[in-house]
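Participant: Handing you this structure, nothing more for now.
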Amino acid sequence: MAILIHCPWPNATVWLDRLRAALPDAEIRVWPELGAPGDIDFAMVWKLPPGVLSTLPNLKGVCSLGAGVDHFLADPDLPPALPVARLVDPLMADRMAEYVSGHVLRYHLRSDDYAAQQRHGVWERLPQKDAPARTVGILGLGHLGTVCARQVSGLGFRTCGWSRSAKQVAGVETFHGTDGLASMLRRTEILVCLLPLTAATHGILNAGTFGQLPQGAALINVARGDHLVDADLLAALASGQLRGATLDVFRDEPLPAAHGFWRHEKILVTPHVSSLSEPATAAVILAEQYHRCRRGAPMRDLVDLSAGY
Ligand code: NAP
Ligand code: GLV
């Protein structure tokens, strides 16, 4: 039997070296060199072309090379009973928390306002708040959102988090459901999106959501580009409802050269780097998932295909 790998990233050779080292006895096939489809019993992939998984008759399980699994769920031919696992790596949560904390502090310290003043040679002290008087709201209290919430709370900010089910996180005021979202948005001055992309969360960063935030709030989207309604963000920035947005993810990636976000003075664009998967740590986690599957044990961090994450 053999493992199918698809890693479309520039560091694909590092991934292959790490996976081969973690699975020295396994036969590894790299897409599109599939060989006989019946040989493949496991897959470790990111954005495999749709339809491929359904052609593998002996496939027992599949793991994502990243935290998100929307790339699997976008495949209309995904076998409905196939066990699908997310990548849950503590290092990715630490990386995400560093990115989120850094940009929360950037808005809190008004770094962009001072950079703008510097461009015009302006020496002026702007009104400033202390962290305990500033509320950060995090959409999604999963593996990444919870670590981010704890770190932001540890920096002294009033921290809120929203999830589908009720949750308790020390130092974080938690909300859930539709009413919970409205309550959290009312007080949130810096909104962070860390939701999975599902039918229920698609387009959630829209005019209605922005309108419930206090005027002059900031947005940090590190989840998926399809969470955001681009035109609604531009309108909210133009009206002053939002003072700025930090965007790491986009509907089309790379962000097309003609897209208005590139040159918008209130938007910071980063190229989907807030929490890169790390081959050194991921290979160990993926090898363990493969061994569990081979011995008939359920994989960890299984996706609920009906919920979409
Ligand atoms: P996760 O562990 O699956 O957590 C998802 C969280 O979202 C959970 O708290 C879940 O609520 C909540 N949620 C889901 N649907 C909801 C809904 N309809 N209403 C309210 N809350 C909802 O996911 P994760 O590992 O933290 O990752 C989150 C996302 O980050 C990924 O799916 C991916 O898109 C993105 N990501 C981006 C990067 C990057 O580099 N930009 C890197 C990694 C991940 P429950 O707790 O109640 O289930
Ligand atoms: C990156 O976006 C991931 O989902 O890991």
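Ordering of the structure tokens sets the chain letters (A, B, ...), residue numbers begin anew at 1 in every chain, and ligands are numbered from 1 in the order given.
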For ligand 1, return the neighbouring residues as number ranges by chain (distance at most 6 Å; only C-alpha atoms and all ligand atoms).
Facilitator: A: 67-68, 140-145, 162-165, 194-197, 200-201, 222-224, 248-249, 272-276, 309
Participant: Could you please write out, as a list of chain:residue names, every residue of region 45-98 of chain A that DSSP assigns to strand (DSSP E or B)?
Facilitator: A:Val45, A:Gly61, A:Val62, A:Cys63, A:Ser64, A:Val84, A:Ala85
Participant: I want to know what sits within 8 Å of Leu53 (chain A), based on only C-alpha atoms, with residues of the same chain fewer than 5 positions away left out; could you give that as a PyMOL selection string?
Facilitator: chain A and resi 59+77-79
Participant: Go ahead and save the picked residues with C-alpha atoms, as a compact mmCIF listing (two decimals), in the first residue's frame.
Facilitator:
```txt
# COMPACT_ATOMS: atom_id res chain seq x y z
CA LEU A 59 -8.41 4.93 0.72
CA ASP A 77 -16.90 14.02 -5.09
CA LEU A 78 -15.44 13.71 -1.56
CA PRO A 79 -16.45 10.19 -0.43
```
Participant: How far is it from CA of Asp17 (chain A) to CA of Leu87 (chain A), in Å with one decimal?
Facilitator: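 So the answer is 18.3 Å.
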Participant: Could you pull out all residues of region 83-284 of chain A with a DSSP call of helix (DSSP H, G or I) and give them as a ChimeraX atom specification?
Facilitator: /A:90-108,111-119,131-133,143-154,177-187,207-212,225-227,230-239,260-263,279-284
Participant: In Å, rounded to a single decimal, give me how far CA of Arg158 (chain A) is from CA of Gln215 (chain A).
Facilitator: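 Computing the Euclidean distance for CA of Gln215 (chain A) and CA of Arg158 (chain A) yields 17.7 Å.
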Participant: So how many Å separate CA of Glu173 (chain A) and CA of Leu213 (chain A), to one decimal?
Facilitator: 16.6 Å
